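Heads up, the thing below is written out as structure tokens.
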Amino acid sequence: MKITITFVWLVTLLATESIAQTPVTDKPKKSFYLNAVTGIAAPDFANVNTELQKAGYLPLNKLYLVRGAGFYTIFPKIRLATIFNFSTFTAQNTEQSKGNWVRATTYGTSLGFVIRNDTKIQLIPYAGLSYCLFGVRVSNVSPTSNTFSGYVTSPANQHQLSLNQLMAGLGIHVAKSQLSSGKLGQKIAVGVRTGYSVPLGNAKWKTDNVTLSESPTANPGGFYANLTIGILQ
């Protein structure tokens, strides 16, 4: 985690130093962008996977394909930006009679410092909070009966777990603004957004509405790297 955070901020410092020698002309008015995102997420479920494998279940993936949307506003006069985002990922794995299904939905808001915002580039390191709704279903045996009544009266062959987690994060937004000279191209900004999120508080795993004690630690946030496509409104 420390290595990832150090890397993110090292990129910020290097980028800042490289563009400091270039004249910057801020846009006089605030800029509001609607954006779509897609990329990868690498949550940390190492301790959860240890417990799942001990019980004979498949471990959860280390990487997930993320998709989402959001919006951000740049205030050039005070050199600040607000970022709101929504993202989700799902995954399903099977191996012989074993399987798992995962779904996560995250909502977040951040405040960024505008290092650069002109017709060429947007460079905004940011910090913020997010809230993740994470759910997983695991199974290790096939149903003992193929009939409805037989299935619902047979021993359970799967378990469902959920985790709702508040997280804090650091990241950086780098985008090429005014993609082309055309009317539409001048409104499009394409870039990347990368960072790292850490949980605030201990993980509280639940099944239905029952909280499970001695829950393994988990970080449903972790490292992420997204491609962003924004349209100026």
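Every chain in the structure tokens has a letter given in the order shown (A, B, ...), and although residue numbers restart at 1 in each chain, ligands are simply numbered from 1 in the order shown.
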List every residue of region 148-229 of chain A that DSSP, applied to the backbone, labels as strand (DSSP E or B), and write the result as a ChimeraX atom specification. /A:158-176,188-199,206-207,210-211,219-229
Dump C-alpha atoms for the selected residues as a PDB file, in the first residue's frame?
ATOM      1  CA  GLN A 158     -23.573 -22.033  -1.089  1.00  0.00           C
ATOM      2  CA  HIS A 159     -22.911 -19.066   1.198  1.00  0.00           C
ATOM      3  CA  GLN A 160     -23.529 -15.360   0.686  1.00  0.00           C
ATOM      4  CA  LEU A 161     -21.454 -12.606   2.300  1.00  0.00           C
ATOM      5  CA  SER A 162     -21.580  -8.814   2.108  1.00  0.00           C
ATOM      6  CA  LEU A 163     -19.315  -5.971   3.183  1.00  0.00           C
ATOM      7  CA  ASN A 164     -20.146  -2.252   3.257  1.00  0.00           C
ATOM      8  CA  GLN A 165     -16.957  -0.234   3.685  1.00  0.00           C
ATOM      9  CA  LEU A 166     -16.084   3.466   3.975  1.00  0.00           C
ATOM     10  CA  MET A 167     -12.700   4.260   2.432  1.00  0.00           C
ATOM     11  CA  ALA A 168     -10.236   7.128   2.035  1.00  0.00           C
ATOM     12  CA  GLY A 169      -8.109   7.549  -1.043  1.00  0.00           C
ATOM     13  CA  LEU A 170      -5.436   9.489  -2.911  1.00  0.00           C
ATOM     14  CA  GLY A 171      -5.141   9.756  -6.669  1.00  0.00           C
ATOM     15  CA  ILE A 172      -4.265  11.808  -9.703  1.00  0.00           C
ATOM     16  CA  HIS A 173      -6.279  12.868 -12.755  1.00  0.00           C
ATOM     17  CA  VAL A 174      -4.356  13.573 -15.979  1.00  0.00           C
ATOM     18  CA  ALA A 175      -6.283  14.376 -19.150  1.00  0.00           C
ATOM     19  CA  LYS A 176      -5.814  15.871 -22.597  1.00  0.00           C
ATOM     20  CA  ILE A 188     -13.871  16.349 -25.093  1.00  0.00           C
ATOM     21  CA  ALA A 189     -11.180  15.528 -22.512  1.00  0.00           C
ATOM     22  CA  VAL A 190      -9.547  12.077 -22.543  1.00  0.00           C
ATOM     23  CA  GLY A 191      -7.228  10.936 -19.797  1.00  0.00           C
ATOM     24  CA  VAL A 192      -6.363   8.554 -17.001  1.00  0.00           C
ATOM     25  CA  ARG A 193      -7.235   8.517 -13.329  1.00  0.00           C
ATOM     26  CA  THR A 194      -5.247   6.340 -10.944  1.00  0.00           C
ATOM     27  CA  GLY A 195      -4.962   6.038  -7.182  1.00  0.00           C
ATOM     28  CA  TYR A 196      -5.252   3.931  -4.060  1.00  0.00           C
ATOM     29  CA  SER A 197      -8.014   3.574  -1.446  1.00  0.00           C
ATOM     30  CA  VAL A 198      -7.758   2.226   2.105  1.00  0.00           C
ATOM     31  CA  PRO A 199     -10.596   1.130   4.415  1.00  0.00           C
ATOM     32  CA  LYS A 206     -22.454  -9.943   7.122  1.00  0.00           C
ATOM     33  CA  THR A 207     -24.742 -12.687   5.916  1.00  0.00           C
ATOM     34  CA  VAL A 210     -26.245 -10.889  10.777  1.00  0.00           C
ATOM     35  CA  THR A 211     -22.756  -9.492  11.479  1.00  0.00           C
ATOM     36  CA  ASN A 219      -9.767  -3.753   1.264  1.00  0.00           C
ATOM     37  CA  PRO A 220     -12.460  -3.587  -1.448  1.00  0.00           C
ATOM     38  CA  GLY A 221     -10.785  -0.455  -2.817  1.00  0.00           C
ATOM     39  CA  GLY A 222      -7.065  -0.922  -3.296  1.00  0.00           C
ATOM     40  CA  PHE A 223      -5.305   0.218  -6.462  1.00  0.00           C
ATOM     41  CA  TYR A 224      -7.209   1.379  -9.534  1.00  0.00           C
ATOM     42  CA  ALA A 225      -6.338   2.759 -12.961  1.00  0.00           C
ATOM     43  CA  ASN A 226      -9.102   4.090 -15.216  1.00  0.00           C
ATOM     44  CA  LEU A 227      -9.470   5.603 -18.652  1.00  0.00           C
ATOM     45  CA  THR A 228     -11.764   8.645 -18.525  1.00  0.00           C
ATOM     46  CA  ILE A 229     -13.679  10.331 -21.329  1.00  0.00           C
TER      47      ILE A 229
END
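Here CA of Ala104 (chain A) is placed at a distance of 6.5 Å from CA of Thr90 (chain A).
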Can you write out as CSV which residues of region 135-225 of chain A fall within 10 Å of region 48-61 of chain A, alongside each residue's closest atom pair and its distance in Å to one decimal, counting only C-alpha atoms and ordering rows by chain and ascending residue number?
residue,atom,partner,partner_atom,distance
A:Val136,CA,A:Leu60,CA,8.9
A:Val138,CA,A:Tyr57,CA,6.7
A:Ser139,CA,A:Tyr57,CA,6.7
A:Asn140,CA,A:Tyr57,CA,5.8
A:Val141,CA,A:Tyr57,CA,9.5
A:Gln158,CA,A:Tyr57,CA,9.7
A:Ser215,CA,A:Val48,CA,8.5
A:Pro216,CA,A:Val48,CA,5.7
A:Thr217,CA,A:Val48,CA,7.0
A:Ala218,CA,A:Val48,CA,6.7
A:Asn219,CA,A:Val48,CA,9.9
Based on the backbone DSSP call, show me all residues of region 97-222 of chain A assigned helix (DSSP H, G or I), as a ChimeraX atom specification. /A:148-153,185-187
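Contact shell of Thr109 (chain A) at 8 Å (only C-alpha atoms; same-chain neighbours under 5 positions omitted): A:Thr82, A:Ile83, A:Phe84, A:Asn85, A:Gly128, A:Leu129, A:Ser130.
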Okay, now the selection with N, CA, C and O atoms, as a PDB file, in the first residue's frame?
ATOM      1  N   THR A  82     -13.679  19.533  -7.878  1.00  0.00           N
ATOM      2  CA  THR A  82     -14.473  18.533  -7.169  1.00  0.00           C
ATOM      3  C   THR A  82     -14.753  17.382  -8.133  1.00  0.00           C
ATOM      4  O   THR A  82     -15.053  17.605  -9.313  1.00  0.00           O
ATOM      5  N   ILE A  83     -14.646  16.166  -7.611  1.00  0.00           N
ATOM      6  CA  ILE A  83     -14.817  14.969  -8.437  1.00  0.00           C
ATOM      7  C   ILE A  83     -15.835  14.055  -7.771  1.00  0.00           C
ATOM      8  O   ILE A  83     -15.701  13.733  -6.582  1.00  0.00           O
ATOM      9  N   PHE A  84     -16.841  13.636  -8.521  1.00  0.00           N
ATOM     10  CA  PHE A  84     -17.834  12.667  -8.053  1.00  0.00           C
ATOM     11  C   PHE A  84     -17.847  11.489  -9.014  1.00  0.00           C
ATOM     12  O   PHE A  84     -17.868  11.681 -10.233  1.00  0.00           O
ATOM     13  N   ASN A  85     -17.829  10.288  -8.470  1.00  0.00           N
ATOM     14  CA  ASN A  85     -17.768   9.128  -9.342  1.00  0.00           C
ATOM     15  C   ASN A  85     -18.586   7.957  -8.809  1.00  0.00           C
ATOM     16  O   ASN A  85     -18.834   7.829  -7.602  1.00  0.00           O
ATOM     17  N   GLY A 128      -9.963  11.987  -1.249  1.00  0.00           N
ATOM     18  CA  GLY A 128     -11.390  11.947  -0.998  1.00  0.00           C
ATOM     19  C   GLY A 128     -11.861  10.719  -0.253  1.00  0.00           C
ATOM     20  O   GLY A 128     -11.054   9.939   0.270  1.00  0.00           O
ATOM     21  N   LEU A 129     -13.178  10.563  -0.207  1.00  0.00           N
ATOM     22  CA  LEU A 129     -13.825   9.454   0.477  1.00  0.00           C
ATOM     23  C   LEU A 129     -14.698   8.686  -0.511  1.00  0.00           C
ATOM     24  O   LEU A 129     -15.222   9.261  -1.469  1.00  0.00           O
ATOM     25  N   SER A 130     -14.865   7.397  -0.250  1.00  0.00           N
ATOM     26  CA  SER A 130     -15.742   6.577  -1.074  1.00  0.00           C
ATOM     27  C   SER A 130     -16.418   5.534  -0.193  1.00  0.00           C
ATOM     28  O   SER A 130     -15.950   5.229   0.910  1.00  0.00           O
TER      29      SER A 130
END
Suppose you want the space between CA of Gln122 (chain A) and CA of Val66 (chain A); what is it in Å?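 Taking CA of Gln122 (chain A) and CA of Val66 (chain A), their separation equals 22.5 Å.
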For Tyr131 (chain A), the nearest of the candidates A:Gly108, A:Ala42, A:Val102, A:Ser97, counting only C-alpha atoms: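 Checking each candidate against Tyr131 (chain A), we get A:Gly108 as the closest.
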Using only C-alpha atoms, pick whichever of A:Asn47, A:Ser213, A:Thr119, A:Ser31 has the shortest atom-to-atom distance to Ala81 (chain A).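 Result for the nearest residue to Ala81 (chain A): A:Ser31.
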